[in-house]
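**Q** Structure file start.txt (compact mmCIF, C-alpha atoms) right here:
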# COMPACT_ATOMS: atom_id res chain seq x y z
CA MET D 4 28.85 59.38 39.91
CA PRO D 5 32.20 59.43 41.78
CA SER D 6 33.46 62.83 42.88
CA LEU D 7 36.29 64.66 41.16
CA LYS D 8 38.40 64.07 44.28
CA LEU D 9 37.83 60.31 44.03
CA LEU D 10 38.65 60.25 40.31
CA LYS D 11 41.85 62.19 40.87
CA ASN D 12 42.78 59.78 43.64
CA CYS D 13 42.15 56.99 41.14
CA TRP D 14 44.43 58.19 38.36
CA LYS D 15 47.16 59.60 40.61
CA LYS D 16 47.64 56.13 42.13
CA TRP D 17 47.30 54.36 38.79
CA THR D 18 50.30 52.07 38.31
CA GLY D 19 49.21 49.76 35.48
CA PRO D 20 48.87 50.50 31.76
CA ARG D 21 47.00 53.74 31.14
CA TRP D 22 43.48 53.61 29.80
CA PHE D 23 42.90 56.07 26.95
CA THR D 24 39.28 56.84 26.20
CA LEU D 25 36.83 59.68 25.55
CA PRO D 26 34.67 59.94 28.69
CA PRO D 27 31.28 61.58 29.07
CA ASN D 28 31.73 65.34 28.89
CA SER D 29 30.84 65.65 32.59
CA ILE D 30 33.68 63.38 33.79
CA PRO D 31 37.33 64.54 33.83
CA TRP D 32 39.98 62.05 32.76
CA PRO D 33 43.72 62.51 32.11
CA TRP D 34 44.35 60.12 29.16
CA ILE D 35 42.25 61.04 26.17
CA LEU D 36 41.64 59.30 22.86
CA VAL D 37 40.77 61.46 19.85
CA ASN D 38 39.41 59.80 16.73
CA ALA D 39 40.92 61.43 13.65
CA HIS D 40 37.92 60.32 11.59
CA ARG D 41 35.52 62.17 13.93
CA PRO D 42 37.64 64.58 16.01
CA ARG D 43 35.09 67.27 16.96
CA GLN D 44 33.90 65.72 20.23
CA GLY D 45 37.45 64.93 21.33
CA LEU D 46 38.65 68.46 20.60
CA SER D 47 35.77 69.90 22.60
CA TYR D 48 36.61 67.65 25.54
CA ILE D 49 40.32 68.49 25.70
CA LYS D 50 39.55 72.23 25.51
CA LYS D 51 37.32 71.82 28.57
CA TYR D 52 39.76 69.71 30.60
CA LYS D 53 43.13 70.89 29.28
CA GLU D 54 44.37 71.69 32.79
CA ILE D 55 44.15 68.09 34.02
CA ILE D 56 44.95 66.18 30.83
CA GLU D 57 48.26 64.32 30.96
CA LEU D 58 48.37 62.89 27.45
CA VAL D 59 46.23 62.86 24.30
CA LEU D 60 46.46 60.01 21.81
CA ILE D 61 45.14 60.63 18.30
CA ASP D 62 43.87 57.47 16.65
CA SER D 63 44.50 57.42 12.89
CA GLY D 64 40.78 56.86 12.19
CA VAL D 65 41.04 53.20 11.26
CA GLU D 66 37.29 52.70 11.70
CA MET D 67 36.75 54.22 8.25
CA PHE D 68 37.71 50.85 6.79
CA LYS D 69 34.76 49.30 8.60
CA VAL D 70 32.15 51.90 7.68
CA LYS D 71 33.49 52.24 4.12
CA PRO D 72 34.37 48.66 3.11
CA TRP D 73 35.39 49.70 -0.40
CA LEU D 74 38.40 51.59 0.99
CA LYS D 75 41.74 49.80 0.82
CA ASN D 76 43.90 52.67 2.06
CA TYR D 77 43.53 56.16 3.50
CA PRO D 78 42.75 59.21 1.35
CA ASN D 79 45.87 60.64 -0.30
CA ASP D 80 46.06 63.61 2.07
CA TRP D 81 45.46 61.68 5.30
CA VAL D 82 48.99 62.10 6.65
CA HIS D 83 48.54 65.85 6.27
CA HIS D 84 45.15 65.63 8.01
CA LEU D 85 46.70 63.77 10.95
CA ALA D 86 49.58 66.25 11.20
CA GLY D 87 47.12 69.16 11.10
CA LEU D 88 45.05 67.59 13.87
CA TYR D 89 48.22 66.95 15.89
CA PHE D 90 49.22 70.63 15.73
CA GLN D 91 45.65 71.67 16.59
CA VAL D 92 45.69 69.51 19.73
CA ARG D 93 49.21 70.68 20.54
CA SER D 94 47.99 74.29 20.51
CA ILE D 95 45.64 73.31 23.37
CA VAL D 96 47.71 70.94 25.56
CA GLY D 97 51.28 71.63 24.48
CA ASP D 98 53.52 68.64 23.80
CA LYS D 99 51.21 66.25 25.70
CA VAL D 100 50.00 64.64 22.47
CA LEU D 101 50.90 61.64 20.28
CA VAL D 102 49.40 60.64 16.94
CA ASN D 103 49.28 57.18 15.44
CA ALA D 104 50.69 57.00 11.92
CA PRO D 105 48.03 55.70 9.50
CA ASP D 106 47.83 51.93 9.82
CA VAL D 107 45.72 49.69 7.58
CA PRO D 108 43.84 46.78 9.23
CA CYS D 109 42.74 43.43 7.90
CA ASP D 110 40.55 42.30 10.80
CA TYR D 111 37.23 43.78 9.64
CA PRO D 112 35.25 40.86 8.13
CA ASN D 113 33.53 43.16 5.62
CA ASN D 114 36.85 44.57 4.41
CA PRO D 115 39.80 42.17 4.56
CA ILE D 116 42.85 43.93 3.13
CA GLU D 117 45.46 41.38 2.13
CA ASP D 118 48.44 43.75 1.83
CA ASN D 119 47.70 45.70 5.02
CA ILE D 120 51.20 45.23 6.47
CA GLU D 121 52.90 46.64 3.37
CA LYS D 122 50.47 49.55 3.13
CA THR D 123 50.95 50.39 6.79
CA ILE D 124 54.74 50.43 6.41
CA ASP D 125 54.46 52.69 3.33
CA ASN D 126 52.18 55.06 5.28
CA VAL D 127 54.61 55.16 8.19
CA ILE D 128 57.51 55.98 5.89
CA GLU D 129 55.50 58.82 4.33
CA ALA D 130 54.47 60.21 7.72
CA LEU D 131 58.02 60.19 9.10
CA ARG D 132 59.41 61.74 5.91
CA GLU D 133 56.80 64.51 5.60
CA TYR D 134 56.49 65.51 9.26
CA LYS D 135 59.65 64.99 11.25
CA ASN D 136 58.47 67.36 14.00
CA VAL D 137 55.34 65.35 14.84
CA ARG D 138 55.36 62.90 17.75
CA TRP D 139 54.31 59.80 15.82
CA ILE D 140 53.33 56.45 17.27
CA ILE D 141 54.61 53.73 14.94
CA PRO D 142 51.86 51.15 14.28
CA ILE D 143 52.71 47.47 14.01
CA GLN D 144 50.19 45.66 11.84
CA GLY D 145 49.79 41.94 11.25
CA LYS D 146 47.48 39.39 9.72
CA TYR D 147 44.22 38.53 11.42
CA MET D 148 44.63 35.83 14.09
CA GLN D 149 48.27 35.26 13.09
CA PRO D 150 50.50 36.49 15.94
CA LYS D 151 53.78 35.69 14.18
CA SER D 152 52.84 38.01 11.32
CA PHE D 153 53.77 41.00 13.51
CA ILE D 154 57.39 39.96 13.16
CA LYS D 155 57.46 41.04 9.50
CA ALA D 156 56.65 44.68 10.24
CA ILE D 157 59.16 44.87 13.09
CA LEU D 158 61.94 43.42 10.95
CA VAL D 159 61.27 46.03 8.26
CA TYR D 160 61.27 48.79 10.91
CA ASP D 161 64.58 47.39 12.18
CA ALA D 162 66.07 47.53 8.67
CA LEU D 163 64.89 51.14 8.28
CA GLU D 164 66.25 52.01 11.77
CA ILE D 165 62.78 53.13 12.83
CA THR D 166 62.97 50.94 15.94
CA LYS D 167 66.26 52.64 16.77
CA LEU D 168 65.05 56.21 16.28
CA TYR D 169 61.49 56.08 17.70
CA HIS D 170 60.17 55.19 21.14
CA TYR D 171 56.38 54.91 20.81
CA PHE D 172 54.83 51.91 19.07
CA SER D 173 51.30 50.54 18.82
CA ILE D 174 49.75 47.14 18.12
CA GLY D 175 46.91 47.06 15.61
CA ASN D 176 44.82 44.33 14.04
CA LEU D 177 43.64 42.84 17.33
CA CYS D 178 40.78 45.15 18.28
CA THR D 179 38.09 42.81 16.91
CA THR D 180 39.28 39.55 18.47
CA LYS D 181 38.13 38.17 21.81
CA ARG D 182 40.48 35.20 21.74
CA THR D 183 42.70 35.81 24.73
CA ARG D 184 45.30 33.28 23.64
CA ILE D 185 45.87 35.14 20.35
CA ILE D 186 46.14 38.45 22.18
CA ILE D 187 48.65 37.13 24.71
CA GLU D 188 50.80 35.44 22.08
CA SER D 189 50.80 38.55 19.87
CA ILE D 190 51.81 40.88 22.70
CA ASN D 191 54.50 38.49 23.92
CA ILE D 192 56.04 38.40 20.44
CA VAL D 193 55.99 42.18 19.98
CA ARG D 194 57.29 42.86 23.49
CA SER D 195 60.13 40.35 23.07
CA LEU D 196 61.28 42.20 19.95
CA LEU D 197 60.75 45.68 21.42
CA PRO D 198 61.66 45.19 25.10
CA THR D 199 62.37 48.83 25.93
CA LYS D 200 59.78 50.63 23.82
CA TYR D 201 56.49 52.23 24.84
CA LEU D 202 53.78 49.85 23.62
CA HIS D 203 50.15 50.86 23.11
CA TYR D 204 47.38 48.36 22.39
CA PHE D 205 44.44 49.55 20.29
CA GLY D 206 41.01 48.25 21.31
CA LEU D 207 42.02 45.77 24.00
CA TYR D 208 39.49 43.06 24.89
CA LEU D 209 39.06 43.76 28.59
CA ARG D 210 39.17 40.14 29.77
CA ALA D 211 42.68 39.88 28.35
CA LEU D 212 43.92 42.78 30.47
CA PRO D 213 45.01 40.72 33.51
CA HIS D 214 47.20 38.59 31.24
CA VAL D 215 48.97 41.44 29.42
CA LYS D 216 48.98 44.32 31.91
CA ARG D 217 52.72 43.91 32.56
CA LYS D 218 53.59 43.78 28.85
CA ILE D 219 51.93 47.00 27.60
CA ASN D 220 52.20 50.65 28.62
CA SER D 221 48.70 51.71 27.62
CA PHE D 222 45.53 50.64 25.86
CA ASP D 223 42.35 52.30 24.66
CA SER D 224 38.68 51.51 24.58
CA VAL D 225 35.45 53.46 24.21
CA ARG D 226 33.30 50.36 24.70
CA TYR D 227 31.91 51.69 27.96
CA THR D 228 28.97 53.01 25.91
CA PHE D 229 27.73 49.42 25.46
CA PRO D 230 25.60 47.75 28.16
CA THR D 231 27.63 46.54 31.11
CA THR D 232 26.74 43.61 33.34
CA TYR D 233 25.51 46.01 35.99
CA ALA D 234 23.38 47.93 33.47
CA LYS D 235 21.84 44.66 32.30
CA ARG D 236 20.93 43.80 35.87
CA LEU D 237 19.03 47.09 35.95
CA GLY D 238 17.17 46.10 32.79
CA MET D 239 19.24 48.35 30.47
CA ASN D 240 20.27 45.84 27.83
CA TYR D 241 21.17 48.54 25.31
CA SER D 242 23.82 51.17 24.56
CA CYS D 243 23.66 54.29 26.69
CA LYS D 244 21.12 56.82 25.46
CA ASN D 245 21.51 59.86 27.71
CA LYS D 246 23.94 61.70 29.99
CA ALA D 247 23.04 59.77 33.15
CA GLN D 248 23.47 56.41 31.42
CA ARG D 249 26.80 57.44 29.87
CA GLU D 250 28.07 58.35 33.34
CA LEU D 251 26.78 55.12 34.85
CA TYR D 252 28.25 52.93 32.10
CA PHE D 253 31.59 54.76 32.25
CA VAL D 254 31.97 54.36 36.01
CA HIS D 255 31.10 50.67 35.86
CA TYR D 256 33.56 50.10 32.99
CA LEU D 257 36.25 51.91 34.98
CA ARG D 258 35.44 49.68 37.93
CA ARG D 259 35.96 46.59 35.74
CA ILE D 260 39.35 47.91 34.58
CA LEU D 261 40.42 48.56 38.17
CA PHE D 262 39.33 45.07 39.16
CA HIS D 263 41.46 43.56 36.38
CA LEU D 264 44.46 45.75 37.23
CA TYR D 265 44.20 45.46 41.02
CA PRO D 266 42.37 42.23 41.95
CA ASP D 267 43.38 42.69 45.61
CA ALA D 268 41.90 46.18 45.88
CA LYS D 269 39.24 46.70 48.54
CA PRO D 270 35.82 47.84 47.27
CA TYR D 271 33.99 50.78 48.73
CA SER D 272 30.92 52.68 47.60
CA TYR D 273 31.41 55.86 45.60
CA SER D 274 28.14 57.27 46.92
CA LYS D 275 26.11 56.59 50.04
CA GLY D 276 23.82 53.62 49.61
CA SER D 277 25.03 52.87 46.09
CA PRO D 278 24.72 49.19 45.11
CA GLU D 279 27.66 49.56 42.75
CA PRO D 280 31.07 49.64 44.52
CA PHE D 281 34.06 51.55 43.30
CA TYR D 282 37.61 50.36 43.99
CA SER D 283 40.37 51.76 46.08
CA PHE D 284 44.00 50.91 45.45
CA PRO D 285 46.24 48.54 47.39
CA TYR D 286 48.92 50.43 49.30
As a first step, turn the structure in this file into structure tokens.

**A**
Amino acid sequence: MPSLKLLKNCWKKWTGPRWFTLPPNSIPWPWILVNAHRPRQGLSYIKKYKEIIELVLIDSGVEMFKVKPWLKNYPNDWVHHLAGLYFQVRSIVGDKVLVNAPDVPCDYPNNPIEDNIEKTIDNVIEALREYKNVRWIIPIQGKYMQPKSFIKAILVYDALEITKLYHYFSIGNLCTTKRTRIIIESINIVRSLLPTKYLHYFGLYLRALPHVKRKINSFDSVRYTFPTTYAKRLGMNYSCKNKAQRELYFVHYLRRILFHLYPDAKPYSYSKGSPEPFYSFPY
């Protein structure tokens, strides 16, 4: 595992879009993703590393629509739940926290929600009305595999002056696709309409990162728990099952991100004799 000094060197020189994730509990990281549907592990992590955390992003818990395919919107009190979680995190890290307003997806095959754009907009309006003192990220939802559908939400936000009053926005409805062309086209459309806003991408397909890294400000992924190419070469063709494997998978996933962000970086080993190189940064 890379040393704390090496990790700090990594994120202090980070110049591309920030990677939000929830690392193994043994590895410090400055940009943390907390799942509102299952927040306990995230809360424990930020309590442990509150001194080095730069920003916490609270996901609205959209995965509930996948695990509960009969749901077509969030529970009635979900905005209050998100606000409560926001203030709980804020009590730990101060104002270094953002929370995504509850967006409704339509990209889960077992739960296609036809009016997801309208429901997302309604949820955003409720969140902004009920909790004006929360640092909300405004989600932009669209139709599955239809990049131009994002325009509808942005036009409504324009009419409501939300794009004028708020700075942080997120792109949803793309976390299940691996079609790079769709991802690029979607981000280009959103960025063209919101050229000066902070833009977060939920669940970015990693191979699309080199193509969009100059169009987004941050992205998130917790997919490092799945078997990486390096893990497969070691015969571990399965999700990580223990602390050592979580650390190994995380470091290799981080290496892949660095490679996509800095293709000209020079590799060096993070431990003596290690077959798996880490990456330095171009100066």

**Q** Nearest to Pro27 (chain D) among D:Thr179, D:Asn245, D:Ser195, D:Asn103, with distances taken over all atoms listed in the file: which residue is it?

**A**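 When distances to Pro27 (chain D) are compared using all atoms listed in the file, the smallest one comes from D:Asn245.
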
**Q** Restricting the calculation to all atoms listed in the file: of D:Gln91, D:Asn114, D:Asn76, D:Thr18, which residue gets closest to Val37 (chain D)?

**A** D:Gln91

**Q** Residues at most 9 Å from Ile219 (chain D), counting all atoms listed in the file, excluding those fewer than 2 positions away in the same chain, as a list in words?

**A**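 Skipping anything fewer than 2 positions along the chain leaves Gly19, Pro20, Ile190, Arg194, Tyr201, Leu202, His203, Tyr204, Val215, Lys216, Arg217, Ser221 and Phe222 of chain D.
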
**Q** Using all atoms listed in the file, can you list as a list of chain:residue names the residues within 9 Å of (56.1, 60.9, 14.8)?

**A**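 Nearby residues: D:Leu101, D:Val102, D:Asn103, D:Ala104, D:Val127, D:Ala130, D:Leu131, D:Tyr134, D:Lys135, D:Asn136, D:Val137, D:Arg138, D:Trp139, D:Ile140, D:Ile141, D:Tyr169, D:Tyr171.
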
**Q** Those residues with C-alpha atoms, as a short mmCIF file (atom, residue, chain, number, x, y, z; two decimals), keeping the file's coordinate frame please?

**A**
data_model
loop_
_atom_site.label_atom_id
_atom_site.label_comp_id
_atom_site.auth_asym_id
_atom_site.auth_seq_id
_atom_site.Cartn_x
_atom_site.Cartn_y
_atom_site.Cartn_z
CA LEU D 101 50.90 61.64 20.28
CA VAL D 102 49.40 60.64 16.94
CA ASN D 103 49.28 57.18 15.44
CA ALA D 104 50.69 57.00 11.92
CA VAL D 127 54.61 55.16 8.19
CA ALA D 130 54.47 60.21 7.72
CA LEU D 131 58.02 60.19 9.10
CA TYR D 134 56.49 65.51 9.26
CA LYS D 135 59.65 64.99 11.25
CA ASN D 136 58.47 67.36 14.00
CA VAL D 137 55.34 65.35 14.84
CA ARG D 138 55.36 62.90 17.75
CA TRP D 139 54.31 59.80 15.82
CA ILE D 140 53.33 56.45 17.27
CA ILE D 141 54.61 53.73 14.94
CA TYR D 169 61.49 56.08 17.70
CA TYR D 171 56.38 54.91 20.81
#

**Q** For Asn176 (chain D), which residue among D:Val70, D:Asp110, D:Val159, D:Arg236 is the nearest when counting all atoms listed in the file?

**A** D:Asp110

**Q** Which residue out of D:Met67, D:Leu237, D:Val82, D:Ile186 has the minimum interatomic distance to Pro108 (chain D) when only C-alpha atoms are used?

**A**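 The shortest atom-to-atom distance to Pro108 (chain D) comes from D:Met67.
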
**Q** Residues proximal to (44.7, 64.7, 20.0) were defined as those with any atom within 6 Å of that point in the file's coordinates, counting all atoms listed in the file. Which are they, as a list of chain:residue names?

**A**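 The answer, in the requested form, is D:Val37, D:Val59, D:Leu60, D:Ile61, D:Tyr89, D:Val92, D:Val100.
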
**Q** Residues within 12 Å of His214 (chain D), please, as an MDAnalysis selection string. Count only C-alpha atoms; anything in the same chain fewer than 5 positions from it doesn't count.

**A** chainID D and resid 183:191 207:209 219 263:264

**Q** Go ahead and compute the interatomic distance for CA of Pro142 (chain D) and CA of Leu46 (chain D), in Å to one decimal.

**A**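 Rounded to one decimal, the two atoms are 22.7 Å apart.
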
**Q** Under the rule that only C-alpha atoms are counted, which of D:Phe253, D:Trp81, D:Tyr265, D:Phe90 is the nearest residue to Leu25 (chain D)?

**A**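 Among the listed residues, the smallest separation from Leu25 (chain D) belongs to D:Phe253.
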
**Q** Restricting the calculation to all atoms listed in the file: of D:Glu57, D:Phe68, D:Pro31, D:Gln248, which residue gets closest to Pro230 (chain D)?

**A**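 Ranking D:Glu57, D:Phe68, D:Pro31, D:Gln248 by distance to Pro230 (chain D), first place goes to D:Gln248.
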
**Q** To one decimal place in Å, what is the distance between CA of Leu257 (chain D) and CA of Trp22 (chain D)?

**A** 9.1 Å
